[in-house]
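Engineer: Input structure: coords_10.pdb, which contains PDB, C-alpha atoms.
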```pdb
ATOM      1  CA  MET A   1     -51.379-158.350   1.736  1.00  0.00           C
ATOM      2  CA  THR A   2     -47.771-157.235   1.476  1.00  0.00           C
ATOM      3  CA  GLN A   3     -46.005-155.458   4.261  1.00  0.00           C
ATOM      4  CA  GLN A   4     -43.213-152.904   3.926  1.00  0.00           C
ATOM      5  CA  LEU A   5     -40.308-153.562   6.278  1.00  0.00           C
ATOM      6  CA  ASP A   6     -37.209-151.508   6.933  1.00  0.00           C
ATOM      7  CA  THR A   7     -34.493-154.073   6.256  1.00  0.00           C
ATOM      8  CA  THR A   8     -31.469-151.767   6.144  1.00  0.00           C
ATOM      9  CA  ASN A   9     -29.921-153.181   9.346  1.00  0.00           C
ATOM     10  CA  THR A  10     -31.657-156.549   9.330  1.00  0.00           C
ATOM     11  CA  ARG A  11     -29.647-159.743   9.150  1.00  0.00           C
ATOM     12  CA  PHE A  12     -31.364-162.637   7.399  1.00  0.00           C
ATOM     13  CA  LEU A  13     -30.498-166.223   8.238  1.00  0.00           C
ATOM     14  CA  THR A  14     -30.921-169.365   6.175  1.00  0.00           C
ATOM     15  CA  VAL A  15     -32.772-172.407   7.485  1.00  0.00           C
ATOM     16  CA  GLY A  16     -29.425-174.164   7.883  1.00  0.00           C
ATOM     17  CA  GLU A  17     -28.002-171.325   9.955  1.00  0.00           C
ATOM     18  CA  VAL A  18     -31.084-171.279  12.199  1.00  0.00           C
ATOM     19  CA  ALA A  19     -30.865-175.052  12.633  1.00  0.00           C
ATOM     20  CA  ALA A  20     -27.215-174.751  13.666  1.00  0.00           C
ATOM     21  CA  ILE A  21     -27.982-171.958  16.140  1.00  0.00           C
ATOM     22  CA  LEU A  22     -30.852-173.903  17.737  1.00  0.00           C
ATOM     23  CA  ARG A  23     -28.985-177.219  17.419  1.00  0.00           C
ATOM     24  CA  VAL A  24     -31.913-178.904  15.695  1.00  0.00           C
ATOM     25  CA  SER A  25     -32.379-180.390  12.237  1.00  0.00           C
ATOM     26  CA  THR A  26     -33.368-178.317   9.240  1.00  0.00           C
ATOM     27  CA  MET A  27     -36.616-180.308   9.106  1.00  0.00           C
ATOM     28  CA  THR A  28     -37.475-179.041  12.598  1.00  0.00           C
ATOM     29  CA  VAL A  29     -36.950-175.458  11.431  1.00  0.00           C
ATOM     30  CA  TYR A  30     -39.209-176.084   8.409  1.00  0.00           C
ATOM     31  CA  ARG A  31     -41.875-177.491  10.750  1.00  0.00           C
ATOM     32  CA  LEU A  32     -41.646-174.392  12.978  1.00  0.00           C
ATOM     33  CA  ILE A  33     -42.038-172.181   9.907  1.00  0.00           C
ATOM     34  CA  ASN A  34     -44.996-174.151   8.538  1.00  0.00           C
ATOM     35  CA  SER A  35     -46.756-174.166  11.912  1.00  0.00           C
ATOM     36  CA  GLY A  36     -46.350-170.393  12.199  1.00  0.00           C
ATOM     37  CA  GLU A  37     -44.153-170.545  15.287  1.00  0.00           C
ATOM     38  CA  LEU A  38     -41.251-168.970  13.383  1.00  0.00           C
ATOM     39  CA  ARG A  39     -41.771-166.128  10.919  1.00  0.00           C
ATOM     40  CA  ALA A  40     -39.972-166.494   7.606  1.00  0.00           C
ATOM     41  CA  ALA A  41     -39.857-164.837   4.213  1.00  0.00           C
ATOM     42  CA  ARG A  42     -39.866-166.949   1.107  1.00  0.00           C
ATOM     43  CA  ILE A  43     -37.233-165.726  -1.317  1.00  0.00           C
ATOM     44  CA  GLY A  44     -37.221-167.700  -4.508  1.00  0.00           C
ATOM     45  CA  ARG A  45     -37.452-171.321  -3.483  1.00  0.00           C
ATOM     46  CA  SER A  46     -35.892-170.891  -0.046  1.00  0.00           C
ATOM     47  CA  PHE A  47     -36.797-169.331   3.279  1.00  0.00           C
ATOM     48  CA  ARG A  48     -34.983-166.568   5.120  1.00  0.00           C
ATOM     49  CA  LEU A  49     -35.556-165.692   8.762  1.00  0.00           C
ATOM     50  CA  ARG A  50     -34.818-162.364  10.406  1.00  0.00           C
ATOM     51  CA  GLU A  51     -32.366-162.654  13.255  1.00  0.00           C
ATOM     52  CA  GLU A  52     -34.651-160.592  15.513  1.00  0.00           C
ATOM     53  CA  ASP A  53     -37.557-163.005  14.878  1.00  0.00           C
ATOM     54  CA  LEU A  54     -35.338-165.900  15.939  1.00  0.00           C
ATOM     55  CA  ASP A  55     -34.275-163.980  19.059  1.00  0.00           C
ATOM     56  CA  ARG A  56     -37.923-163.282  19.898  1.00  0.00           C
ATOM     57  CA  TYR A  57     -38.837-166.960  19.424  1.00  0.00           C
ATOM     58  CA  VAL A  58     -36.067-168.110  21.765  1.00  0.00           C
ATOM     59  CA  THR A  59     -36.880-165.438  24.361  1.00  0.00           C
ATOM     60  CA  GLU A  60     -40.545-166.446  24.414  1.00  0.00           C
ATOM     61  CA  ARG A  61     -39.589-170.071  24.958  1.00  0.00           C
ATOM     62  CA  ILE A  62     -37.215-169.266  27.803  1.00  0.00           C
ATOM     63  CA  THR A  63     -39.819-167.255  29.708  1.00  0.00           C
ATOM     64  CA  LYS A  64     -42.463-169.963  29.249  1.00  0.00           C
ATOM     65  CA  ALA A  65     -40.105-172.637  30.543  1.00  0.00           C
ATOM     66  CA  GLY A  66     -39.153-170.650  33.660  1.00  0.00           C
TER      67      GLY A  66
END
```
What does the file become when written as structure tokens?
Structural biologist:
Amino acid sequence: MTQQLDTTNTRFLTVGEVAAILRVSTMTVYRLINSGELRAARIGRSFRLREEDLDRYVTERITKAG
């Protein structure tokens, strides 16, 4: 099932950029994607993550920790 998204103002990040933001390895980001904890789009042979999905992931983790 494909989903139509409005991506006009969406910023997509690479796995490397996400890893740098979270200060983890790229392998950790791939594990989060494969486990379904982080949403990602596969474009060609690589993944791209929406910045708002990363923000949501971090926000959920902060509230669970507090």
Engineer: Measuring between all atoms listed in the file, which one of A:Thr63, A:Arg50, A:Asn9, A:Tyr57 shows the shortest distance to Leu32 of chain A?
Structural biologist: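 With all atoms listed in the file as the atom set, the closest residue is A:Tyr57.
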Engineer: Kindly provide, as AutoDock Vina command-line options, the centre and edge lengths (Å, one decimal) of an axis-aligned box around all atoms of segment 18-24 of chain A given in the file, with 3 Å on each side.
Structural biologist:
```
--center_x -29.6 --center_y -175.1 --center_z 15.0 --size_x 10.7 --size_y 13.6 --size_z 11.5
```
Engineer: Using all atoms listed in the file, which residues sit within 12 Å of Ala19 of chain A once same-chain residues fewer than 2 positions away are excluded, as a PyMOL selection string?
Structural biologist: chain A and resi 13-17+21-33+49+54
Engineer: Separation of atom CA of Gly44 of chain A and atom CA of Thr59 of chain A, in Å?
Structural biologist: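 If I compute the distance from atom CA of Gly44 of chain A to atom CA of Thr59 of chain A, I get 29.0 Å.
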Engineer: What does the distance from atom CA of Arg11 of chain A to atom CA of Arg48 of chain A come to in Å, to one decimal?
Structural biologist: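 Rounded to one decimal, the two atoms are 9.6 Å apart.
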Engineer: May I ask for the distance between atom CA of Arg61 of chain A and atom CA of Ile43 of chain A, given in Å to one decimal place?
Structural biologist: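 One can read the atom CA of Arg61 of chain A to atom CA of Ile43 of chain A distance as 26.7 Å.
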